[in-house]
Amino acid sequence: MTDRRILPCSGPVDAVVTVPGSKSLTNRALLAAALAGGTSVLTGALDAEDTRIMAGALREIGFKTDLSDFSRRLAVVGGTASLPARAEPVRLYVGNSGITARFLTAALSFIPGTWELFGKERIYSRPISDLLAALRPLGAQIEPLGAPDALPLRIKGRPLPGGGISVKGNISSQFLSALLMAAPLARGRLVIHVAGELVSRPYVEMTLAVMRSFGVTVETPDPQTFVIPESAAYAPAGYAVEPDASAASYFFALPAVVGGRVLVRGLGADSLQGDVGFAGLLGQMGCRIGYEPEGIRVTRETVGGRPAQLVGIDVDMNDISDTVQTLSVVSLFAVTPTRIRNVAHIRGKETDRIAAVAAELRKFGVRVDEYDEGLQIWPRPLDQMTGARIETYDDHRMAMSFALAGLAVPNVVIEKTECTAKTYPDFFDDLTAALGHPSSQELQDP
């Protein structure tokens, strides 16, 4: 397995890129298909570690899934009524997949059986207590097997009633999405109230859209209230997964870093994924954004044979926080500072992303001010930046975003790049293709 890569500097690009299917949509559609009675077929699904973990867990639960042609045609035979009875606890591996851990915790609370969720060490420190606090008033029986209110967990699933529950939304929108996706399993109408701020709201809208595609419509009388009718039930469907907008951010950013233009196919302004909004931030910085029939094109014009200047921006990235690392790297190449705000919740992701980004950016010789809820990056001229060995913290987005820096700053080495398998196994191959020349050299430990 590749341990590290060194990136060569690149000139302007002119590329058309197709990124793999959305992780968020694939995992939501997998769960909805499993909970529907009948056969659903997903096309364009993401074949990566996180989605394989969700699909594998669903198979262990007893749902039938054909994984032989994952990204082209993924068939799921769903329905909880046909699940086999198990005398012993069923152990389910969730890796470091927050979406798998949280969505299954909610759904399995309603499904008869004893279920044990375990995974990688990092998942045991990722937040889940607010989800457990929301489920327990319904009668959910969830027992931590380690630290209080953390994974690993033992869940004694059983039919649960409807009613009214409240969930905090300031740490992760996945808590609300998990409850929404499990709600049709309740024996009665379920009303979910969000207490306080809801971070990453576009991901909740994505959840509601997937649920509609599988036959469940959620009522939203106000922005903080979600009502799932007693009659709600998933129905099998054919579902086409959009390309992953978070993965697209690296290719949107490519011309911003080295100049040129890149078209990412299959995404548009009407995408279900809020992260397409990242392209608009590049527009604010000085790139030209085109919404074309084939996809979204980002262009950084050339002035006097050199890429036009980028300017820093001051931006609230709460709704598109998975692209914070990408924007942070792009900000290295602006002529004025960039301030990223209102993303305190990303400290609970695969790593503390605010602290990790700040630490790695400083290796380039730039000043970074770190705050509880964000950071400010003070760029310096490119010829004053130094190469660096970039730690990835077992975080796929650290590896992919900082790879872009190595295309403009000499002598950048990205450590432990195998973590990209979590969501984008072919990232470095696709980057190579977009550049039109070898983009990285694989280096092995001596």
# chains A, B, ... in the order shown; residues from 1 in each chain; ligands from 1

call {"tool": "residues_around", "arguments": {"residues": "range 121-132 of chain A", "least_positions_apart": "3", "cutoff": "9 Å", "atoms": "only C-alpha atoms", "output": "PyMOL selection string"}}
result
chain A and resi 94-98+101-102+105-106+118+135-136+140+142+146-152+167-169+171-172+174-176+178-179+348-351

call {"tool": "write_last_selection", "arguments": {"atoms": "N, CA, C and O atoms", "output": "compact mmCIF listing (two decimals), in the first residue's frame"}}
result
# COMPACT_ATOMS: atom_id res chain seq x y z
N VAL A 94 -18.01 -0.70 11.71
CA VAL A 94 -18.32 0.60 11.11
C VAL A 94 -17.06 1.39 10.76
O VAL A 94 -17.16 2.53 10.29
N GLY A 95 -15.88 0.82 10.98
CA GLY A 95 -14.63 1.50 10.63
C GLY A 95 -14.54 2.85 11.31
O GLY A 95 -14.76 2.99 12.52
N ASN A 96 -14.24 3.88 10.52
CA ASN A 96 -14.28 5.26 11.00
C ASN A 96 -15.34 6.03 10.24
O ASN A 96 -15.20 7.22 9.96
N SER A 97 -16.42 5.34 9.90
CA SER A 97 -17.51 5.93 9.12
C SER A 97 -18.57 6.47 10.06
O SER A 97 -19.40 5.72 10.58
N GLY A 98 -18.54 7.77 10.27
CA GLY A 98 -19.53 8.38 11.16
C GLY A 98 -20.94 8.17 10.67
O GLY A 98 -21.86 7.92 11.47
N ALA A 101 -22.05 4.56 11.50
CA ALA A 101 -22.26 4.38 12.93
C ALA A 101 -23.54 5.06 13.40
O ALA A 101 -24.35 4.46 14.13
N ARG A 102 -23.77 6.28 12.97
CA ARG A 102 -24.92 7.04 13.46
C ARG A 102 -26.22 6.57 12.84
O ARG A 102 -27.23 6.41 13.53
N THR A 105 -27.09 3.13 14.28
CA THR A 105 -27.51 3.23 15.69
C THR A 105 -28.99 3.57 15.77
O THR A 105 -29.75 2.95 16.54
N ALA A 106 -29.44 4.52 14.97
CA ALA A 106 -30.85 4.90 14.99
C ALA A 106 -31.73 3.79 14.41
O ALA A 106 -32.72 3.38 15.03
N PHE A 118 -18.91 -1.71 16.36
CA PHE A 118 -17.52 -1.47 16.72
C PHE A 118 -16.78 -0.98 15.48
O PHE A 118 -17.29 -1.08 14.36
N LEU A 135 -32.82 9.26 21.18
CA LEU A 135 -33.47 7.96 21.00
C LEU A 135 -34.05 7.39 22.30
O LEU A 135 -35.08 6.71 22.29
N ARG A 136 -33.39 7.65 23.41
CA ARG A 136 -33.78 7.00 24.67
C ARG A 136 -35.19 7.34 25.14
O ARG A 136 -35.87 6.47 25.71
N ALA A 140 -35.49 3.39 23.40
CA ALA A 140 -34.35 2.70 22.80
C ALA A 140 -33.42 2.18 23.89
O ALA A 140 -33.13 2.87 24.86
N ILE A 142 -29.83 1.19 24.47
CA ILE A 142 -28.50 1.33 23.90
C ILE A 142 -27.50 1.36 25.05
O ILE A 142 -27.60 2.20 25.95
N GLY A 146 -17.89 0.75 26.19
CA GLY A 146 -16.63 1.35 26.62
C GLY A 146 -16.92 2.60 27.41
O GLY A 146 -17.55 2.55 28.47
N ALA A 147 -16.49 3.75 26.88
CA ALA A 147 -16.75 5.02 27.55
C ALA A 147 -18.24 5.35 27.50
O ALA A 147 -18.96 4.90 26.61
N PRO A 148 -18.73 6.15 28.45
CA PRO A 148 -20.15 6.53 28.45
C PRO A 148 -20.56 7.24 27.17
O PRO A 148 -19.84 8.10 26.67
N ASP A 149 -21.71 6.85 26.65
CA ASP A 149 -22.32 7.50 25.48
C ASP A 149 -21.35 7.64 24.30
O ASP A 149 -21.24 8.69 23.67
N ALA A 150 -20.63 6.55 24.03
CA ALA A 150 -19.71 6.51 22.90
C ALA A 150 -19.68 5.09 22.35
O ALA A 150 -20.07 4.14 23.03
N LEU A 151 -19.22 4.97 21.10
CA LEU A 151 -18.99 3.63 20.57
C LEU A 151 -17.78 3.01 21.27
O LEU A 151 -16.92 3.75 21.76
N PRO A 152 -17.69 1.67 21.32
CA PRO A 152 -18.63 0.67 20.79
C PRO A 152 -19.95 0.64 21.59
O PRO A 152 -19.97 0.99 22.77
N VAL A 167 -33.62 16.75 19.38
CA VAL A 167 -32.21 16.44 19.14
C VAL A 167 -31.44 17.74 18.95
O VAL A 167 -31.93 18.69 18.33
N LYS A 168 -30.25 17.78 19.50
CA LYS A 168 -29.37 18.92 19.28
C LYS A 168 -28.77 18.83 17.87
O LYS A 168 -28.45 17.74 17.41
N GLY A 169 -28.59 19.97 17.25
CA GLY A 169 -28.07 19.98 15.88
C GLY A 169 -26.77 20.71 15.70
O GLY A 169 -26.30 20.86 14.57
N ILE A 171 -23.67 19.93 16.71
CA ILE A 171 -22.45 19.13 16.58
C ILE A 171 -22.37 18.45 15.23
O ILE A 171 -21.33 18.46 14.55
N SER A 172 -23.46 17.83 14.80
CA SER A 172 -23.50 17.12 13.52
C SER A 172 -24.92 17.02 13.02
O SER A 172 -25.83 16.66 13.78
N GLN A 174 -25.76 14.78 11.09
CA GLN A 174 -26.02 13.35 10.93
C GLN A 174 -26.92 12.79 12.02
O GLN A 174 -27.60 11.79 11.80
N PHE A 175 -26.96 13.42 13.19
CA PHE A 175 -27.87 12.94 14.24
C PHE A 175 -29.31 13.09 13.78
O PHE A 175 -30.11 12.15 13.90
N LEU A 176 -29.66 14.26 13.26
CA LEU A 176 -31.01 14.46 12.75
C LEU A 176 -31.29 13.56 11.55
O LEU A 176 -32.35 12.93 11.46
N ALA A 178 -30.00 10.70 10.84
CA ALA A 178 -30.16 9.32 11.31
C ALA A 178 -31.56 9.09 11.85
O ALA A 178 -32.21 8.06 11.56
N LEU A 179 -32.07 10.03 12.64
CA LEU A 179 -33.42 9.91 13.19
C LEU A 179 -34.46 9.96 12.09
O LEU A 179 -35.45 9.20 12.11
N GLY A 348 -14.77 17.46 15.32
CA GLY A 348 -15.18 16.10 15.64
C GLY A 348 -15.27 15.18 14.45
O GLY A 348 -15.91 14.13 14.51
N LYS A 349 -14.63 15.54 13.36
CA LYS A 349 -14.62 14.70 12.16
C LYS A 349 -13.53 13.61 12.27
O LYS A 349 -13.13 13.24 13.37
N GLU A 350 -13.05 13.13 11.13
CA GLU A 350 -12.03 12.07 11.14
C GLU A 350 -10.81 12.46 11.98
O GLU A 350 -10.14 11.61 12.56
N THR A 351 -10.53 13.74 12.01
CA THR A 351 -9.57 14.32 12.94
C THR A 351 -10.11 15.68 13.33
O THR A 351 -11.15 16.12 12.82

call {"tool": "residues_around", "arguments": {"residues": "Lys64 in chain A", "least_positions_apart": "6", "cutoff": "8 Å", "atoms": "only C-alpha atoms", "output": "list of chain:residue names"}}
result
A:Leu58, A:Val76, A:Val77, A:Gly78

call {"tool": "closest_residue", "arguments": {"among": "A:Thr80, A:Leu7, A:Ala195, A:Arg347", "to": "Tyr234 in chain A", "atoms": "only C-alpha atoms"}}
result
A:Thr80

call {"tool": "atom_distance", "arguments": {"atom1": "CA of Glu292 in chain A", "atom2": "CA of Val258 in chain A"}}
result
22.1 Å

call {"tool": "atom_distance", "arguments": {"atom1": "CA of Val298 in chain A", "atom2": "CA of Val262 in chain A"}}
result
5.5 Å

call {"tool": "closest_residue", "arguments": {"among": "A:Glu230, A:Glu60, A:Glu373, A:Asp66", "to": "Glu116 in chain A", "atoms": "only C-alpha atoms"}}
result
A:Glu60

call {"tool": "closest_residue", "arguments": {"among": "A:Asp429, A:Asp3, A:Asp244, A:Glu294", "to": "Gly44 in chain A", "atoms": "only C-alpha atoms"}}
result
A:Asp244

call {"tool": "residues_around", "arguments": {"residues": "range 270-278 of chain A", "least_positions_apart": "3", "cutoff": "6 Å", "atoms": "only C-alpha atoms", "output": "PyMOL selection string"}}
result
chain A and resi 202+206+245-246+281+320

call {"tool": "closest_residue", "arguments": {"among": "A:Ala237, A:Val343, A:Ile289, A:Leu31", "to": "Ser200 in chain A", "atoms": "only C-alpha atoms"}}
result
A:Val343

call {"tool": "closest_residue", "arguments": {"among": "A:Leu190, A:Ala247, A:Pro410, A:Gln284", "to": "Phe428 in chain A", "atoms": "only C-alpha atoms"}}
result
A:Ala247

call {"tool": "select_by_dssp", "arguments": {"residues": "range 195-319 of chain A", "states": "helix (DSSP H, G or I)", "output": "ChimeraX atom specification"}}
result
/A:201-213,245-258,274-285,318-319

call {"tool": "select_by_dssp", "arguments": {"residues": "range 30-74 of chain A", "states": "strand (DSSP E)", "output": "ChimeraX atom specification"}}
result
/A:38-43,64-66,74

call {"tool": "write_last_selection", "arguments": {"atoms": "C-alpha atoms", "output": "mmCIF file, in the first residue's frame"}}
result
data_model
loop_
_atom_site.group_PDB
_atom_site.id
_atom_site.type_symbol
_atom_site.label_atom_id
_atom_site.label_comp_id
_atom_site.auth_asym_id
_atom_site.auth_seq_id
_atom_site.Cartn_x
_atom_site.Cartn_y
_atom_site.Cartn_z
ATOM 1 C CA GLY A 38 -38.565 -5.303 -2.302
ATOM 2 C CA THR A 39 -35.663 -4.853 -4.700
ATOM 3 C CA SER A 40 -34.066 -1.468 -5.313
ATOM 4 C CA VAL A 41 -31.306 -0.757 -7.812
ATOM 5 C CA LEU A 42 -28.706 1.967 -7.318
ATOM 6 C CA THR A 43 -26.624 3.206 -10.247
ATOM 7 C CA LYS A 64 -29.419 -9.047 0.559
ATOM 8 C CA THR A 65 -27.063 -6.892 -1.469
ATOM 9 C CA ASP A 66 -25.269 -7.763 -4.695
ATOM 10 C CA LEU A 74 -26.037 -2.158 -6.981
#

call {"tool": "residues_around", "arguments": {"residues": "Ile296 in chain A", "least_positions_apart": "5", "cutoff": "8 Å", "atoms": "only C-alpha atoms", "output": "number ranges by chain"}}
result
A: 263-268, 289-291

call {"tool": "write_last_selection", "arguments": {"atoms": "C-alpha atoms", "output": "PDB file, in the first residue's frame"}}
result
ATOM      1  CA  LEU A 263     -15.048  21.029 -16.183  1.00  0.00           C
ATOM      2  CA  VAL A 264     -16.538  18.579 -13.680  1.00  0.00           C
ATOM      3  CA  ARG A 265     -19.273  16.545 -15.337  1.00  0.00           C
ATOM      4  CA  GLY A 266     -22.666  15.692 -13.891  1.00  0.00           C
ATOM      5  CA  LEU A 267     -23.053  18.488 -11.333  1.00  0.00           C
ATOM      6  CA  GLY A 268     -25.036  21.710 -11.581  1.00  0.00           C
ATOM      7  CA  ILE A 289     -17.577  29.887 -12.856  1.00  0.00           C
ATOM      8  CA  GLY A 290     -19.678  28.463 -15.670  1.00  0.00           C
ATOM      9  CA  TYR A 291     -22.797  26.339 -15.171  1.00  0.00           C
TER      10      TYR A 291
END

call {"tool": "atom_distance", "arguments": {"atom1": "CA of Gly56 in chain A", "atom2": "CA of Asp352 in chain A"}}
result
27.3 Å

call {"tool": "decode", "arguments": {"residues": "range 308-319 of chain A", "atoms": "all heavy atoms", "output": "short mmCIF file (atom, residue, chain, number, x, y, z; two decimals), in the first residue's frame"}}
result
data_model
loop_
_atom_site.label_atom_id
_atom_site.label_comp_id
_atom_site.auth_asym_id
_atom_site.auth_seq_id
_atom_site.Cartn_x
_atom_site.Cartn_y
_atom_site.Cartn_z
N ALA A 308 -4.24 34.90 -13.14
CA ALA A 308 -4.74 36.12 -12.53
C ALA A 308 -4.74 35.98 -11.01
O ALA A 308 -4.80 34.88 -10.47
CB ALA A 308 -6.14 36.42 -13.03
N GLN A 309 -4.67 37.11 -10.32
CA GLN A 309 -4.61 37.09 -8.87
C GLN A 309 -5.88 36.54 -8.25
O GLN A 309 -7.00 36.77 -8.74
CB GLN A 309 -4.37 38.50 -8.33
CG GLN A 309 -2.94 38.99 -8.46
CD GLN A 309 -2.72 40.29 -7.71
OE1 GLN A 309 -3.66 41.00 -7.38
NE2 GLN A 309 -1.46 40.61 -7.43
N LEU A 310 -5.71 35.81 -7.15
CA LEU A 310 -6.82 35.42 -6.29
C LEU A 310 -6.84 36.34 -5.09
O LEU A 310 -5.79 36.75 -4.58
CB LEU A 310 -6.66 33.98 -5.80
CG LEU A 310 -6.66 32.85 -6.82
CD1 LEU A 310 -6.45 31.52 -6.09
CD2 LEU A 310 -7.97 32.82 -7.59
N VAL A 311 -8.04 36.66 -4.61
CA VAL A 311 -8.17 37.46 -3.39
C VAL A 311 -8.77 36.59 -2.30
O VAL A 311 -9.56 35.67 -2.56
CB VAL A 311 -9.04 38.71 -3.62
CG1 VAL A 311 -8.38 39.64 -4.60
CG2 VAL A 311 -10.45 38.32 -4.08
N GLY A 312 -8.37 36.85 -1.07
CA GLY A 312 -8.94 36.12 0.05
C GLY A 312 -10.38 36.54 0.31
O GLY A 312 -10.82 37.60 -0.13
N ILE A 313 -11.11 35.71 1.02
CA ILE A 313 -12.50 35.99 1.34
C ILE A 313 -12.76 35.73 2.82
O ILE A 313 -11.99 35.04 3.49
CB ILE A 313 -13.48 35.15 0.48
CG1 ILE A 313 -13.19 33.64 0.62
CG2 ILE A 313 -13.41 35.58 -0.98
CD1 ILE A 313 -14.18 32.76 -0.13
N ASP A 314 -13.84 36.28 3.31
CA ASP A 314 -14.31 36.04 4.68
C ASP A 314 -15.64 35.31 4.54
O ASP A 314 -16.60 35.86 3.99
CB ASP A 314 -14.50 37.39 5.40
CG ASP A 314 -14.78 37.22 6.89
OD1 ASP A 314 -15.51 36.27 7.25
OD2 ASP A 314 -14.31 38.05 7.69
N VAL A 315 -15.69 34.04 5.01
CA VAL A 315 -16.83 33.20 4.63
C VAL A 315 -17.28 32.31 5.78
O VAL A 315 -16.46 31.73 6.50
CB VAL A 315 -16.48 32.35 3.38
CG1 VAL A 315 -15.27 31.47 3.62
CG2 VAL A 315 -17.66 31.52 2.92
N ASP A 316 -18.59 32.20 5.95
CA ASP A 316 -19.21 31.24 6.86
C ASP A 316 -19.37 29.93 6.06
O ASP A 316 -20.14 29.88 5.10
CB ASP A 316 -20.57 31.76 7.31
CG ASP A 316 -21.28 30.85 8.30
OD1 ASP A 316 -21.08 29.62 8.24
OD2 ASP A 316 -22.07 31.36 9.12
N MET A 317 -18.66 28.87 6.48
CA MET A 317 -18.69 27.61 5.73
C MET A 317 -19.47 26.52 6.46
O MET A 317 -19.30 25.33 6.18
CB MET A 317 -17.26 27.14 5.43
CG MET A 317 -16.50 28.06 4.49
SD MET A 317 -14.92 27.37 3.93
CE MET A 317 -15.48 26.10 2.78
N ASN A 318 -20.36 26.92 7.36
CA ASN A 318 -21.12 25.94 8.12
C ASN A 318 -21.86 24.97 7.22
O ASN A 318 -21.90 23.76 7.50
CB ASN A 318 -22.10 26.67 9.05
CG ASN A 318 -22.82 25.75 10.00
OD1 ASN A 318 -23.77 25.07 9.63
ND2 ASN A 318 -22.36 25.69 11.24
N ASP A 319 -22.45 25.46 6.14
CA ASP A 319 -23.25 24.60 5.27
C ASP A 319 -22.41 23.70 4.38
O ASP A 319 -22.92 22.69 3.87
CB ASP A 319 -24.17 25.46 4.39
CG ASP A 319 -25.41 25.94 5.13
OD1 ASP A 319 -25.65 25.47 6.26
OD2 ASP A 319 -26.13 26.79 4.58
#
